$ cat my_file-v7.csv   # CSV, C-alpha atoms and all ligand atoms
chain,number,residue,atom,x,y,z
O,29,MET,CA,114.3,67.4,91.4
O,30,GLN,CA,111.3,65.1,90.7
O,31,ILE,CA,109.2,65.1,87.5
O,32,ILE,CA,105.6,64.3,88.3
O,33,THR,CA,103.0,63.5,85.7
O,34,THR,CA,99.8,62.7,87.7
O,35,LYS,CA,97.6,64.9,89.9
O,36,GLN,CA,97.5,62.3,92.5
O,37,GLU,CA,101.3,62.1,93.0
O,38,LEU,CA,101.5,65.9,92.9
O,39,GLN,CA,98.9,66.2,95.7
O,40,ARG,CA,100.7,63.5,97.7
O,41,GLN,CA,104.0,65.5,97.6
O,42,VAL,CA,102.3,68.8,98.3
O,43,GLU,CA,100.5,67.3,101.3
O,44,ALA,CA,103.8,66.0,102.7
O,45,CYS,CA,105.5,69.5,102.2
O,46,LYS,CA,102.5,71.2,103.9
O,47,GLN,CA,102.6,68.8,106.9
O,48,GLU,CA,106.3,69.8,107.4
O,49,GLY,CA,105.2,73.5,107.4
O,50,LYS,CA,107.1,74.3,104.2
O,51,THR,CA,106.1,77.2,102.0
O,52,ILE,CA,105.4,76.5,98.3
O,53,GLY,CA,106.1,78.7,95.3
O,54,LEU,CA,104.4,77.9,91.9
O,55,VAL,CA,105.6,78.9,88.5
O,56,PRO,CA,103.0,78.0,85.8
O,57,THR,CA,104.6,77.6,82.3
O,58,MET,CA,104.0,76.1,78.9
O,59,GLY,CA,107.6,74.9,78.6
O,60,ALA,CA,110.2,75.6,75.9
O,61,LEU,CA,111.8,77.5,78.8
O,62,HIS,CA,114.1,80.5,78.5
O,63,GLU,CA,115.8,83.0,80.7
O,64,GLY,CA,112.4,84.8,81.2
O,65,HIS,CA,110.9,81.7,82.8
O,66,ALA,CA,114.2,81.1,84.6
O,67,SER,CA,113.9,84.5,86.3
O,68,LEU,CA,110.5,83.6,87.7
O,69,VAL,CA,111.8,80.2,88.9
O,70,ARG,CA,114.9,81.7,90.6
O,71,ARG,CA,112.7,84.1,92.5
O,72,ALA,CA,110.3,81.2,93.5
O,73,VAL,CA,113.3,79.2,94.7
O,74,ASN,CA,114.7,82.1,96.7
O,75,GLU,CA,111.4,83.1,98.4
O,76,ASN,CA,109.9,79.7,99.2
O,77,ASP,CA,111.0,76.3,100.8
O,78,ILE,CA,109.7,74.4,97.8
O,79,CYS,CA,109.4,75.4,94.2
O,80,VAL,CA,106.9,73.7,91.8
O,81,VAL,CA,107.1,74.5,88.1
O,82,SER,CA,104.3,73.3,85.9
O,83,VAL,CA,105.1,72.6,82.2
O,84,PHE,CA,101.9,72.1,80.3
O,85,VAL,CA,100.9,73.4,76.9
O,86,ASN,CA,97.2,74.1,77.8
O,87,PRO,CA,95.0,73.2,74.8
O,88,THR,CA,92.0,75.1,76.2
O,89,GLN,CA,93.7,78.5,75.9
O,90,PHE,CA,94.6,78.1,72.2
O,91,ASN,CA,92.0,79.4,69.8
O,92,ASN,CA,94.2,78.6,66.9
O,93,LYS,CA,94.9,74.9,66.2
O,94,GLU,CA,98.0,75.6,64.2
O,95,ASP,CA,99.5,77.7,67.0
O,96,LEU,CA,98.9,74.8,69.4
O,97,ALA,CA,100.4,72.2,67.1
O,98,LEU,CA,103.5,74.3,66.4
O,99,TYR,CA,104.1,75.3,70.0
O,100,PRO,CA,107.6,74.2,70.8
O,101,ARG,CA,108.0,71.3,73.3
O,102,ASP,CA,111.2,69.9,74.9
O,103,LEU,CA,110.6,68.5,78.4
O,104,GLU,CA,114.1,67.0,78.7
O,105,ARG,CA,115.8,70.3,78.0
O,106,ASP,CA,113.3,72.1,80.3
O,107,ALA,CA,114.0,69.7,83.1
O,108,LYS,CA,117.8,70.2,82.9
O,109,LEU,CA,117.4,74.0,83.1
O,110,LEU,CA,114.9,73.7,86.1
O,111,SER,CA,117.2,71.3,87.9
O,112,SER,CA,120.2,73.6,87.5
O,113,ILE,CA,118.1,76.5,89.0
O,114,GLY,CA,117.1,74.4,92.0
O,115,ALA,CA,113.4,73.7,91.4
O,116,HIS,CA,112.1,70.8,93.5
O,117,TYR,CA,109.2,69.5,91.4
O,118,VAL,CA,108.2,69.7,87.7
O,119,PHE,CA,104.5,68.9,87.1
O,120,ALA,CA,104.2,67.9,83.5
O,121,PRO,CA,100.8,66.2,83.0
O,122,SER,CA,99.3,65.1,79.7
O,123,PRO,CA,96.1,66.9,78.5
O,124,GLU,CA,94.1,63.8,79.4
O,125,GLU,CA,95.5,63.9,83.0
O,126,MET,CA,94.4,67.5,83.4
O,127,TYR,CA,91.0,67.4,81.7
O,128,THR,CA,88.2,64.9,81.1
O,129,ALA,CA,87.0,64.9,77.5
O,130,GLU,CA,84.0,67.0,78.6
O,131,GLU,CA,86.2,69.6,80.3
O,132,MET,CA,88.4,69.8,77.3
O,133,ASN,CA,85.5,70.9,75.1
O,134,GLN,CA,83.5,72.7,77.7
O,135,THR,CA,83.1,76.5,77.1
O,136,PHE,CA,84.2,77.7,80.5
O,137,THR,CA,83.1,81.3,81.2
O,138,PHE,CA,84.3,83.5,83.9
O,139,ASP,CA,83.7,87.1,84.9
O,140,PHE,CA,86.9,89.1,84.8
O,141,GLY,CA,85.3,92.5,85.4
O,142,GLY,CA,85.9,93.7,81.8
O,143,LEU,CA,89.7,93.0,82.0
O,144,ASP,CA,89.2,90.4,79.3
O,145,LYS,CA,87.2,92.5,76.9
O,146,VAL,CA,90.3,94.4,75.5
O,147,MET,CA,93.5,93.6,73.6
O,148,GLU,CA,94.3,89.9,73.8
O,149,GLY,CA,90.8,89.1,75.0
O,150,LYS,CA,89.3,90.8,72.0
O,151,MET,CA,91.7,89.1,69.5
O,152,ARG,CA,91.7,85.6,71.1
O,153,PRO,CA,88.2,84.8,72.1
O,154,GLY,CA,88.1,82.3,75.0
O,155,HIS,CA,91.8,82.6,75.6
O,156,PHE,CA,91.6,83.9,79.1
O,157,ASN,CA,88.9,81.5,80.1
O,158,GLY,CA,91.3,78.7,79.2
O,159,VAL,CA,94.1,80.4,81.1
O,160,VAL,CA,92.0,80.7,84.2
O,161,GLN,CA,90.7,77.2,83.8
O,162,VAL,CA,94.2,75.7,84.0
O,163,VAL,CA,95.7,78.2,86.5
O,164,SER,CA,92.9,77.8,89.0
O,165,ARG,CA,93.2,74.1,88.7
O,166,LEU,CA,97.0,74.3,89.4
O,167,PHE,CA,96.3,76.6,92.4
O,168,TYR,CA,93.9,74.0,93.9
O,169,LEU,CA,96.3,71.2,93.3
O,170,VAL,CA,99.5,72.9,94.5
O,171,GLN,CA,98.0,75.2,97.2
O,172,PRO,CA,100.9,77.6,96.7
O,173,ASP,CA,101.8,80.4,99.1
O,174,ARG,CA,103.1,82.5,96.1
O,175,ALA,CA,102.6,82.1,92.4
O,176,TYR,CA,104.9,83.9,89.9
O,177,PHE,CA,103.8,85.4,86.6
O,178,GLY,CA,105.7,87.6,84.0
O,179,GLU,CA,104.8,91.2,83.2
O,180,LYS,CA,105.4,90.2,79.6
O,181,ASP,CA,101.8,88.8,79.6
O,182,PHE,CA,100.6,91.9,81.4
O,183,GLN,CA,96.9,91.3,80.8
O,184,GLN,CA,97.2,87.7,81.9
O,185,LEU,CA,98.8,88.9,85.2
O,186,ALA,CA,96.0,91.5,85.7
O,187,ILE,CA,93.4,88.8,85.2
O,188,ILE,CA,95.0,86.3,87.5
O,189,ARG,CA,95.3,89.0,90.2
O,190,PHE,CA,91.6,89.8,89.7
O,191,MET,CA,90.7,86.1,90.0
O,192,VAL,CA,92.6,85.8,93.3
O,193,GLU,CA,91.7,89.1,94.8
O,194,ARG,CA,88.3,90.2,93.5
O,195,SER,CA,86.4,87.5,91.7
O,196,THR,CA,83.9,85.0,93.1
O,197,LEU,CA,86.8,82.6,93.6
O,198,ALA,CA,88.7,85.2,95.8
O,199,GLY,CA,89.5,83.6,99.1
O,200,THR,CA,89.3,80.1,97.9
O,201,PHE,CA,93.1,79.9,97.3
O,202,GLY,CA,94.1,80.6,101.0
O,203,ASN,CA,96.5,83.5,101.4
O,204,LEU,CA,98.0,83.1,97.9
O,205,GLN,CA,100.1,86.0,96.8
O,206,ILE,CA,100.5,86.7,93.1
O,207,VAL,CA,104.0,88.0,92.3
O,208,GLY,CA,104.6,89.9,89.0
O,209,CYS,CA,108.1,89.7,87.5
O,210,PRO,CA,109.7,92.2,85.0
O,211,ILE,CA,110.1,91.3,81.3
O,212,VAL,CA,113.5,89.7,80.5
O,213,ARG,CA,114.9,90.7,77.2
O,214,GLU,CA,117.8,89.7,75.0
O,215,SER,CA,120.7,92.2,75.0
O,216,THR,CA,119.3,93.4,71.7
O,217,GLY,CA,116.0,94.4,73.4
O,218,LEU,CA,113.9,91.5,72.0
O,219,ALA,CA,111.5,90.2,74.7
O,220,LEU,CA,112.3,86.6,75.3
O,221,SER,CA,109.5,84.3,74.2
O,222,SER,CA,109.1,80.6,73.5
O,223,ARG,CA,107.7,81.6,70.2
O,224,ASN,CA,111.0,83.2,69.2
O,225,GLU,CA,112.2,79.7,68.5
O,226,ARG,CA,110.0,79.8,65.4
O,227,LEU,CA,111.7,82.9,64.0
O,228,SER,CA,114.4,82.7,61.5
O,229,GLU,CA,117.6,84.7,62.1
O,230,ALA,CA,116.5,87.3,59.6
O,231,GLU,CA,113.0,87.5,61.3
O,232,LYS,CA,114.7,87.9,64.7
O,233,GLN,CA,116.5,90.9,63.3
O,234,THR,CA,113.3,92.3,61.9
O,235,ALA,CA,111.5,91.8,65.2
O,236,LEU,CA,114.0,94.1,67.0
O,237,ALA,CA,112.0,97.0,65.6
O,238,ILE,CA,109.2,96.1,68.1
O,239,SER,CA,111.1,96.7,71.3
O,240,HIS,CA,113.2,99.5,69.8
O,241,THR,CA,110.0,101.4,68.8
O,242,LEU,CA,108.5,100.9,72.2
O,243,MET,CA,111.6,102.2,73.9
O,244,GLU,CA,111.7,105.2,71.6
O,245,SER,CA,108.0,105.9,72.4
O,246,LEU,CA,109.1,106.9,75.9
O,247,GLU,CA,110.7,109.9,74.3
O,248,TRP,CA,107.6,110.6,72.1
O,249,ALA,CA,105.4,110.5,75.2
O,250,LYS,CA,107.2,113.5,76.6
O,251,THR,CA,105.7,115.8,74.0
O,252,GLY,CA,102.9,113.9,72.2
O,253,SER,CA,99.4,112.9,73.3
O,254,VAL,CA,98.5,109.3,74.1
O,255,ARG,CA,96.6,108.9,70.7
O,256,GLU,CA,99.5,110.4,68.8
O,257,VAL,CA,102.0,108.0,70.4
O,258,GLU,CA,99.7,105.1,69.7
O,259,LYS,CA,99.5,106.0,66.1
O,260,ARG,CA,103.3,106.7,65.8
O,261,VAL,CA,104.2,103.4,67.3
O,262,THR,CA,101.8,101.5,65.1
O,263,ASP,CA,102.9,103.3,61.9
O,264,THR,CA,106.6,102.9,62.7
O,265,ILE,CA,106.3,99.1,63.3
O,266,ASN,CA,104.1,98.7,60.3
O,267,ALA,CA,106.6,100.5,58.1
O,268,VAL,CA,109.1,97.6,58.7
O,269,GLU,CA,108.8,95.0,56.0
O,270,GLY,CA,107.7,91.7,57.6
O,271,LEU,CA,106.0,93.2,60.6
O,272,GLU,CA,102.3,93.8,61.0
O,273,VAL,CA,100.7,95.3,64.1
O,274,GLU,CA,97.5,93.6,65.3
O,275,TYR,CA,97.0,96.2,68.0
O,276,TYR,CA,98.9,98.8,70.0
O,277,GLU,CA,96.9,100.2,72.9
O,278,ILE,CA,97.9,102.5,75.7
O,279,VAL,CA,95.8,101.6,78.6
O,280,ASP,CA,95.5,102.2,82.4
O,281,LYS,CA,97.6,99.5,84.2
O,282,THR,CA,94.9,98.8,86.7
O,283,THR,CA,91.7,98.8,84.6
O,284,LEU,CA,93.3,97.9,81.2
O,285,GLN,CA,90.9,100.4,79.7
O,286,PRO,CA,92.1,103.1,77.2
O,287,THR,CA,93.5,106.1,78.9
O,288,ASP,CA,94.2,109.7,77.9
O,289,THR,CA,97.2,110.2,80.2
O,290,PHE,CA,100.5,108.5,80.5
O,291,HIS,CA,100.1,108.3,84.3
O,292,ASN,CA,99.9,104.7,85.4
O,293,ALA,CA,99.8,103.8,81.7
O,294,ILE,CA,101.1,100.7,79.8
O,295,GLY,CA,101.4,100.3,76.0
O,296,CYS,CA,100.7,96.7,74.9
O,297,VAL,CA,101.5,95.5,71.4
O,298,THR,CA,100.9,92.4,69.4
O,299,VAL,CA,102.8,92.1,66.1
O,300,TYR,CA,102.9,89.4,63.5
O,301,CYS,CA,106.5,88.7,62.4
O,302,GLY,CA,105.8,86.5,59.4
O,303,LYS,CA,103.5,83.9,60.8
O,304,VAL,CA,104.7,84.2,64.4
O,305,ARG,CA,102.6,86.3,66.8
O,306,LEU,CA,104.7,88.3,69.3
O,307,ILE,CA,103.6,90.4,72.2
O,308,ASP,CA,105.5,93.0,74.2
O,309,ASN,CA,104.7,96.1,76.3
O,310,ILE,CA,106.2,99.2,77.8
O,311,GLN,CA,105.3,101.1,81.0
O,312,TYR,CA,105.2,104.9,80.7
O,313,ASP,CA,105.6,105.9,84.2
O,314,ALA,CA,107.6,103.1,85.6
M,1,LIG,P1,104.5,80.8,79.0
M,1,LIG,O1,105.3,79.6,79.1
M,1,LIG,O2,104.7,81.6,77.8
M,1,LIG,O3,103.0,80.5,79.3
M,1,LIG,O4,105.0,81.7,80.2
M,1,LIG,C1,105.1,81.3,81.5
M,1,LIG,C2,105.3,82.5,82.4
M,1,LIG,O5,106.6,83.1,82.1
M,1,LIG,C3,104.3,83.6,82.3
M,1,LIG,O6,103.9,84.1,83.5
M,1,LIG,C4,105.0,84.6,81.4
M,1,LIG,O7,104.5,85.9,81.6
M,1,LIG,C5,106.4,84.4,81.9
M,1,LIG,N1,107.3,84.9,80.8
M,1,LIG,C6,107.4,84.5,79.5
M,1,LIG,N2,108.3,85.2,78.9
M,1,LIG,C7,108.9,86.1,79.8
M,1,LIG,C8,109.9,87.1,79.7
M,1,LIG,N3,110.5,87.4,78.6
M,1,LIG,N4,110.2,87.8,80.8
M,1,LIG,C9,109.5,87.6,82.0
M,1,LIG,N5,108.5,86.6,82.1
M,1,LIG,C10,108.2,85.9,81.0
$ encode --input "my_file-v7.csv" --output "structure tokens"
Amino acid sequence: MQIITTKQELQRQVEACKQEGKTIGLVPTMGALHEGHASLVRRAVNENDICVVSVFVNPTQFNNKEDLALYPRDLERDAKLLSSIGAHYVFAPSPEEMYTAEEMNQTFTFDFGGLDKVMEGKMRPGHFNGVVQVVSRLFYLVQPDRAYFGEKDFQQLAIIRFMVERSTLAGTFGNLQIVGCPIVRESTGLALSSRNERLSEAEKQTALAISHTLMESLEWAKTGSVREVEKRVTDTINAVEGLEVEYYEIVDKTTLQPTDTFHNAIGCVTVYCGKVRLIDNIQYDA
């Protein structure tokens, strides 16, 4: 496995692979890797000749400076894990390598067909513009055949699919296929997240109420209306000391707009556990 820090070297290696007719799978990450990331990488290794993993804490998708500063970073540990899974290249550029000073500060706007106007998009203005800015750049640099994203960030996955399939950029990434991968959880139910590293043991226990409530809501959905279930989930999590729901919305999985039925529906939640912002979701007709 090779660690690459420059765009030029990355493109040199990609070109060589392409000339040999090899297929490339890309897994974009921000590092501090866990089993959730590992599941994406394993799949990319299995389904492609070459697997490229990017490890880059992308400053342009953070609208909170403290969150960016506190985001965990440990490239050495990440590289060990990736090598043990069989990744071929790790692309770990500096922010200066990825962006010029102008690009770093530029307000990049992009039409996501309304997918970005709800939930995370509403709460974190500019977040998805930053995500698309970095992901589209990675797509151009790596020219992958497949790119892997977790359903944990369901809205992000929907927006990336939109970018590749329906936006003005559609068609510019070749035959790129976006592969969505299921959420990986601890045995307790807690969705794995790099941000969990910032939780104390006590907070980790407290945070269990998030996934437990979402799971329980599958039962509630058998008899209650969508709005009733939304309220019950929100109230149940808020009743736990140390947890505060930012939003819980049951939306259509395709449009991400509020829905009145559980058909094709997903419930997406964001909860503050102390100072740490956690997200999770549950699919009602999976
Ligand atoms: P991040 O490093 O948080 O930007 O995540 C990189 C990729 O890993 C994204 O596509 C995430 O959706 C995915 N991911 C993060 N946590 C999990 C998880 N618990 N299960 C599945 N995929 C995940």
$ closest_residue --input "my_file-v7.csv" --among "O:Ser253, O:Gln205, O:Gln89, O:Gln36" --to "ligand LIG 1 (chain M)" --atoms "only C-alpha atoms and all ligand atoms"
O:Gln89
$ atom_distance --input "my_file-v7.csv" --atom1 "CA of Leu204 (chain O)" --atom2 "CA of Asn76 (chain O)"
12.4 Å
$ residues_around --input "my_file-v7.csv" --residues "Ala60 (chain O)" --least-positions-apart "3" --cutoff "12 Å" --atoms "all atoms listed in the file" --output "list in words"
Thr57, Glu63, Gly64, His65, Ala66, Ser82, Val83, Phe84, Val85, Leu98, Tyr99, Pro100, Arg101, Asp102, Leu103, Glu104, Arg105, Asp106, Ala107, Lys108, Leu109, Leu110, Leu220, Ser221, Ser222, Arg223, Asn224, Glu225 and Arg226 of chain O
$ atom_distance --input "my_file-v7.csv" --atom1 "CA of Ile206 (chain O)" --atom2 "CA of Ala293 (chain O)"
20.6 Å
$ closest_residue --input "my_file-v7.csv" --among "O:Ile310, O:Val297, O:Ile113, O:Val207" --to "Gly53 (chain O)" --atoms "only C-alpha atoms"
O:Val207
$ closest_residue --input "my_file-v7.csv" --among "O:Pro210, O:Pro172, O:Gly141, O:Gly49" --to "ligand LIG 1 (chain M)" --atoms "all atoms listed in the file"
O:Pro210
$ decode --input "my_file-v7.csv" --residues "region 92-124 of chain O" --atoms "N, CA and C atoms" --output "CSV table (one decimal), in the first residue's frame"
chain,number,residue,atom,x,y,z
O,92,ASN,N,-18.4,25.0,11.3
O,92,ASN,CA,-18.2,25.2,12.7
O,92,ASN,C,-16.7,25.0,12.9
O,93,LYS,N,-16.0,26.1,13.2
O,93,LYS,CA,-14.5,26.0,13.3
O,93,LYS,C,-14.0,25.1,14.5
O,94,GLU,N,-14.8,25.1,15.6
O,94,GLU,CA,-14.4,24.2,16.7
O,94,GLU,C,-14.5,22.7,16.3
O,95,ASP,N,-15.6,22.4,15.6
O,95,ASP,CA,-15.8,21.0,15.1
O,95,ASP,C,-14.6,20.6,14.2
O,96,LEU,N,-14.2,21.5,13.3
O,96,LEU,CA,-13.0,21.2,12.4
O,96,LEU,C,-11.8,21.0,13.2
O,97,ALA,N,-11.5,21.9,14.2
O,97,ALA,CA,-10.3,21.8,15.0
O,97,ALA,C,-10.3,20.5,15.9
O,98,LEU,N,-11.4,20.1,16.4
O,98,LEU,CA,-11.5,19.0,17.3
O,98,LEU,C,-11.7,17.6,16.5
O,99,TYR,N,-11.8,17.7,15.2
O,99,TYR,CA,-12.1,16.5,14.5
O,99,TYR,C,-10.8,15.5,14.6
O,100,PRO,N,-11.0,14.3,15.0
O,100,PRO,CA,-9.9,13.4,15.3
O,100,PRO,C,-9.1,13.1,14.1
O,101,ARG,N,-7.8,13.1,14.2
O,101,ARG,CA,-6.9,12.8,13.1
O,101,ARG,C,-5.8,11.8,13.6
O,102,ASP,N,-5.6,10.7,12.8
O,102,ASP,CA,-4.5,9.7,13.1
O,102,ASP,C,-4.1,8.9,11.9
O,103,LEU,N,-3.4,9.5,11.0
O,103,LEU,CA,-3.1,8.9,9.7
O,103,LEU,C,-2.3,7.6,9.9
O,104,GLU,N,-1.4,7.6,10.9
O,104,GLU,CA,-0.6,6.3,11.0
O,104,GLU,C,-1.5,5.1,11.3
O,105,ARG,N,-2.5,5.3,12.3
O,105,ARG,CA,-3.4,4.3,12.7
O,105,ARG,C,-4.3,3.9,11.5
O,106,ASP,N,-4.8,4.9,10.8
O,106,ASP,CA,-5.6,4.7,9.6
O,106,ASP,C,-4.9,3.9,8.6
O,107,ALA,N,-3.6,4.2,8.3
O,107,ALA,CA,-2.9,3.5,7.3
O,107,ALA,C,-2.7,2.0,7.6
O,108,LYS,N,-2.5,1.8,8.9
O,108,LYS,CA,-2.4,0.3,9.4
O,108,LYS,C,-3.6,-0.4,9.0
O,109,LEU,N,-4.8,0.2,9.4
O,109,LEU,CA,-6.0,-0.5,9.2
O,109,LEU,C,-6.3,-0.7,7.7
O,110,LEU,N,-6.0,0.3,6.9
O,110,LEU,CA,-6.3,0.2,5.4
O,110,LEU,C,-5.4,-0.8,4.8
O,111,SER,N,-4.1,-0.9,5.2
O,111,SER,CA,-3.2,-1.9,4.7
O,111,SER,C,-3.7,-3.3,5.0
O,112,SER,N,-4.2,-3.5,6.3
O,112,SER,CA,-4.6,-4.8,6.7
O,112,SER,C,-5.8,-5.2,5.9
O,113,ILE,N,-6.6,-4.3,5.3
O,113,ILE,CA,-7.8,-4.6,4.6
O,113,ILE,C,-7.5,-4.9,3.1
O,114,GLY,N,-6.3,-4.4,2.7
O,114,GLY,CA,-5.9,-4.6,1.3
O,114,GLY,C,-6.1,-3.4,0.3
O,115,ALA,N,-6.2,-2.2,0.9
O,115,ALA,CA,-6.3,-1.0,0.1
O,115,ALA,C,-5.0,-0.8,-0.7
O,116,HIS,N,-5.0,-0.3,-1.8
O,116,HIS,CA,-3.7,-0.1,-2.6
O,116,HIS,C,-3.1,1.3,-2.4
O,117,TYR,N,-4.0,2.3,-2.4
O,117,TYR,CA,-3.4,3.7,-2.3
O,117,TYR,C,-4.2,4.4,-1.2
O,118,VAL,N,-3.5,5.2,-0.4
O,118,VAL,CA,-4.2,6.1,0.5
O,118,VAL,C,-3.8,7.5,0.0
O,119,PHE,N,-4.8,8.3,-0.3
O,119,PHE,CA,-4.5,9.7,-0.8
O,119,PHE,C,-4.8,10.6,0.4
O,120,ALA,N,-3.7,11.2,1.0
O,120,ALA,CA,-3.8,12.0,2.2
O,120,ALA,C,-3.2,13.4,2.0
O,121,PRO,N,-3.9,14.3,1.2
O,121,PRO,CA,-3.3,15.6,0.9
O,121,PRO,C,-3.4,16.6,2.0
O,122,SER,N,-2.6,17.6,2.0
O,122,SER,CA,-2.8,18.7,2.9
O,122,SER,C,-3.9,19.6,2.3
O,123,PRO,N,-4.6,20.5,3.2
O,123,PRO,CA,-5.6,21.4,2.6
O,123,PRO,C,-5.0,22.2,1.5
O,124,GLU,N,-3.7,22.6,1.6
O,124,GLU,CA,-3.1,23.5,0.6
O,124,GLU,C,-2.9,22.7,-0.7
